[in-house]
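As stored in run-v1.txt (compact mmCIF, C-alpha atoms):
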```txt
# COMPACT_ATOMS: atom_id res chain seq x y z
CA LEU A 1 55.68 129.98 -83.12
CA ILE A 2 57.74 133.00 -82.20
CA ILE A 3 56.10 135.12 -84.88
CA ILE A 4 52.62 133.94 -83.84
CA ALA A 5 53.48 135.18 -80.33
CA ALA A 6 54.36 138.62 -81.81
CA GLY A 7 58.10 138.11 -81.40
CA ILE A 8 61.06 137.74 -83.71
CA ASP A 9 64.29 135.78 -83.57
CA LEU A 10 67.21 137.01 -85.65
CA SER A 11 69.64 134.54 -84.07
CA VAL A 12 68.32 131.53 -85.99
CA GLY A 13 71.06 131.50 -88.65
CA SER A 14 73.87 131.83 -86.13
CA LEU A 15 72.32 129.20 -83.87
CA LEU A 16 72.02 126.89 -86.88
CA ALA A 17 75.76 127.29 -87.54
CA LEU A 18 76.67 126.92 -83.87
CA THR A 19 74.65 123.72 -83.44
CA GLY A 20 76.36 122.24 -86.48
CA VAL A 21 79.77 123.15 -85.11
CA ILE A 22 79.01 121.83 -81.62
CA CYS A 23 77.55 118.55 -82.87
CA ALA A 24 80.49 118.02 -85.25
CA GLN A 25 83.08 118.73 -82.58
CA LEU A 26 81.36 116.48 -80.06
CA MET A 27 81.60 113.59 -82.52
CA VAL A 28 84.99 114.32 -84.08
CA LYS A 29 87.07 115.82 -81.27
CA TRP A 30 85.36 114.33 -78.22
CA GLY A 31 84.44 110.97 -79.73
CA LEU A 32 80.82 111.01 -78.59
CA HIS A 33 78.32 108.66 -80.16
CA PRO A 34 76.14 110.54 -82.69
CA ILE A 35 72.99 110.13 -80.56
CA ALA A 36 74.73 111.57 -77.49
CA ALA A 37 76.17 114.40 -79.58
CA ILE A 38 72.74 115.21 -80.99
CA GLY A 39 71.21 115.20 -77.49
CA CYS A 40 73.87 117.57 -76.15
CA THR A 41 73.51 119.81 -79.19
CA LEU A 42 69.74 120.05 -78.83
CA ALA A 43 70.17 120.87 -75.14
CA VAL A 44 72.50 123.75 -76.07
CA ALA A 45 70.02 124.96 -78.71
CA ALA A 46 67.14 124.88 -76.21
CA PHE A 47 69.34 126.76 -73.70
CA VAL A 48 70.01 129.48 -76.28
CA GLY A 49 66.25 129.69 -76.85
CA LEU A 50 65.80 130.00 -73.09
CA LEU A 51 68.41 132.76 -73.00
CA ASN A 52 66.61 134.63 -75.79
CA GLY A 53 63.28 134.21 -74.00
CA LEU A 54 64.69 135.48 -70.71
CA LEU A 55 66.30 138.48 -72.41
CA VAL A 56 62.94 139.38 -73.93
CA VAL A 57 60.74 138.63 -70.90
CA VAL A 58 62.85 139.24 -67.78
CA ALA A 59 65.31 141.86 -69.05
CA GLU A 60 62.50 143.40 -71.14
CA ILE A 61 64.81 143.92 -74.11
CA PRO A 62 62.84 144.20 -77.37
CA PRO A 63 63.01 140.89 -79.28
CA LEU A 64 64.70 142.48 -82.29
CA THR A 65 67.52 143.91 -80.16
CA ALA A 66 67.90 140.87 -77.88
CA THR A 67 68.13 138.35 -80.70
CA LEU A 68 70.37 140.62 -82.77
CA GLY A 69 72.84 140.61 -79.88
CA THR A 70 72.48 136.85 -79.46
CA MET A 71 73.05 136.41 -83.19
CA THR A 72 76.35 138.26 -83.02
CA ALA A 73 77.47 136.42 -79.88
CA LEU A 74 76.60 132.99 -81.31
CA ARG A 75 78.42 133.72 -84.54
CA GLY A 76 81.48 134.70 -82.50
CA VAL A 77 81.29 131.53 -80.38
CA ALA A 78 81.05 129.37 -83.51
CA PHE A 79 84.07 131.15 -84.98
CA ILE A 80 86.07 130.74 -81.77
CA LEU A 81 85.21 127.03 -81.51
CA THR A 82 86.35 126.33 -85.07
CA ALA A 83 89.09 128.97 -85.44
CA GLY A 84 87.44 129.67 -88.78
CA LEU A 85 88.07 126.15 -90.10
CA PRO A 86 85.39 123.57 -90.95
CA VAL A 87 85.03 120.52 -88.71
CA TYR A 88 84.91 117.36 -90.80
CA GLY A 89 85.45 113.61 -90.44
CA LEU A 90 81.98 112.78 -89.13
CA PRO A 91 80.98 109.13 -88.66
CA ASP A 92 79.41 107.54 -91.74
CA SER A 93 76.32 106.54 -89.73
CA PHE A 94 75.58 110.22 -89.02
CA ALA A 95 75.16 110.97 -92.73
CA MET A 96 71.99 108.86 -92.76
CA ILE A 97 70.06 111.64 -91.00
CA GLY A 98 70.57 114.17 -93.77
CA GLN A 99 71.30 112.00 -96.78
CA GLY A 100 69.41 108.76 -96.14
CA TYR A 101 66.09 107.44 -97.38
CA PHE A 102 63.33 105.43 -95.70
CA LEU A 103 60.91 103.69 -98.05
CA GLY A 104 62.10 105.95 -100.86
CA ILE A 105 61.43 109.15 -98.89
CA PRO A 106 64.37 111.34 -97.82
CA ILE A 107 64.80 111.24 -94.04
CA PRO A 108 64.91 115.08 -93.74
CA VAL A 109 61.45 115.17 -95.36
CA ILE A 110 60.18 112.63 -92.82
CA ILE A 111 61.64 114.67 -89.95
CA MET A 112 60.05 117.81 -91.37
CA ALA A 113 56.66 116.11 -91.67
CA VAL A 114 56.84 114.87 -88.08
CA ILE A 115 57.80 118.32 -86.75
CA MET A 116 55.15 120.08 -88.85
CA THR A 117 52.52 117.63 -87.60
CA PHE A 118 53.65 118.19 -84.01
CA GLY A 119 53.58 121.96 -84.56
CA TRP A 120 50.11 121.90 -86.09
CA ILE A 121 48.73 119.77 -83.25
CA PHE A 122 50.53 121.92 -80.65
CA VAL A 123 49.21 125.20 -82.05
CA ASN A 124 45.70 124.12 -83.02
CA ARG A 125 44.79 121.41 -80.51
CA THR A 126 46.41 122.34 -77.20
CA VAL A 127 45.74 124.97 -74.60
CA TYR A 128 49.29 126.28 -74.96
CA GLY A 129 48.74 126.82 -78.68
CA ARG A 130 45.71 128.98 -77.89
CA TYR A 131 47.83 130.87 -75.36
CA ILE A 132 50.42 131.59 -78.05
CA TYR A 133 47.75 132.99 -80.37
CA GLY A 134 46.39 135.03 -77.46
CA ILE A 135 49.80 136.47 -76.66
CA GLY A 136 50.34 137.42 -80.30
CA GLY A 137 46.88 138.96 -80.61
CA ASN A 138 46.79 140.96 -77.39
CA ALA A 139 49.29 140.18 -74.66
CA GLU A 140 47.63 142.44 -72.10
CA ALA A 141 44.19 140.86 -72.56
CA THR A 142 45.81 137.43 -72.35
CA ARG A 143 47.55 138.40 -69.10
CA LEU A 144 44.29 139.75 -67.67
CA SER A 145 42.66 136.41 -68.54
CA GLY A 146 45.00 134.75 -66.05
CA ILE A 147 47.48 133.31 -68.54
CA SER A 148 51.18 133.65 -67.78
CA VAL A 149 52.37 135.63 -70.77
CA LYS A 150 55.97 135.61 -69.58
CA LYS A 151 56.18 131.85 -69.03
CA ASN A 152 54.55 131.06 -72.37
CA THR A 153 56.71 133.56 -74.24
CA VAL A 154 59.84 131.92 -72.83
CA LEU A 155 58.43 128.50 -73.84
CA VAL A 156 58.00 129.75 -77.41
CA TYR A 157 61.63 130.87 -77.58
CA VAL A 158 62.84 127.56 -76.11
CA LEU A 159 60.87 125.66 -78.76
CA GLY A 160 62.28 127.97 -81.43
CA GLY A 161 65.80 127.21 -80.24
CA LEU A 162 65.09 123.47 -80.12
CA PHE A 163 63.68 123.40 -83.65
CA THR A 164 66.63 125.44 -84.90
CA GLY A 165 68.95 122.90 -83.28
CA ILE A 166 67.20 120.09 -85.13
CA ALA A 167 67.64 121.98 -88.40
CA GLY A 168 71.32 122.53 -87.57
CA VAL A 169 71.88 118.81 -87.00
CA ILE A 170 70.16 117.98 -90.30
CA ALA A 171 72.21 120.61 -92.16
CA LEU A 172 75.39 119.24 -90.59
CA SER A 173 74.47 115.74 -91.69
CA ARG A 174 73.70 116.88 -95.25
CA ILE A 175 76.97 118.73 -95.82
CA SER A 176 79.15 116.54 -93.53
CA SER A 177 80.95 119.59 -92.21
CA GLY A 178 80.42 121.88 -89.24
CA GLN A 179 81.23 125.45 -90.23
```

Have the structure of the file written as structure tokens, please.
Amino acid sequence: LIIIAAGIDLSVGSLLALTGVICAQLMVKWGLHPIAAIGCTLAVAAFVGLLNGLLVVVAEIPPLTATLGTMTALRGVAFILTAGLPVYGLPDSFAMIGQGYFLGIPIPVIIMAVIMTFGWIFVNRTVYGRYIYGIGGNAEATRLSGISVKKNTVLVYVLGGLFTGIAGVIALSRISSGQ
């Protein structure tokens, strides 16, 4: 979505690591139930997406520069939270997300199919999807058409952060270690 809107997000890898670390620590060190830990983690991921969107839209920092800075900061936060050591000892029930099967199909594949279906419907069948294509094609013409380019650009970065958070939770579940 971010690329369709003519943006870029270099912080994805660091956000993936940070969401794994946060989710693992919430379950292991804070004793949160896996569902609560996942909810908190996805909220943090969406907030990071919001931060990236605001840096690009409000501060008018080019997306490459803004997300490069966010990438470095997130990597540092993940390192500080873990002191460079992996977080392990996750509940056995959490492993089902990344390692389980439903009707013979791996659960990560099911999650991917659901998200891809949502993304396809969002981009091709909603007004906001058309806005995203408009922003990527010609932001000025889209703005002159009465569409809030800034608001929709921030929305795209929030969704990018949220989807990265989901990937981070799945990766954490697959390797059973936040690092």

- Item | Nearest-residue call for Ile110 in chain A, choices A:Ile97, A:Glu140, A:Gly7, A:Leu68, using all atoms listed in the file | A:Ile97

- Spatial neighbours of Val12 in chain A, max dist 12 Å, only C-alpha atoms, sep filter under 6 positions, as a list in words: Ile2, Leu18, Thr19, Ala45, Ala46, Val48, Gly49, Asn52, Thr67, Leu68, Gly69, Thr70, Met71, Thr72, Leu74, Arg75, Tyr157, Val158, Leu159, Gly160, Gly161, Leu162, Phe163, Thr164, Gly165, Ile166, Ala167 and Gly168 of chain A

- Which of these, A:Leu155, A:Val109, A:Leu64, A:Ile170, has the shortest distance to Phe47 in chain A once you count all atoms listed in the file? A:Leu155

- Message: What's around Val127 in chain A at 12 Å? Count all atoms listed in the file, leave out sequence neighbours fewer than 6 positions away in its own chain, and write the answer as a ChimeraX atom specification.
- Response: /A:121,133-134,147,152

- Task: Mind checking which residues fall within 12 Å of Ser176 in chain A, counting only C-alpha atoms, ignoring those fewer than 6 positions away in the same chain, and posting them as a VMD selection string?
- Result: chain A and resid 20 to 21 23 to 25 27 to 28 86 to 99 168 to 170

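One distance worth recording is that between CA of Gly119 in chain A and CA of Thr142 in chain A, which is 21.2 Å.
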
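The two atoms in question, CA of Lys151 in chain A and CA of Gly53 in chain A, are spaced 9.0 Å apart.
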
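Here CA of Gly100 in chain A and CA of Val114 in chain A stand 16.1 Å from one another.
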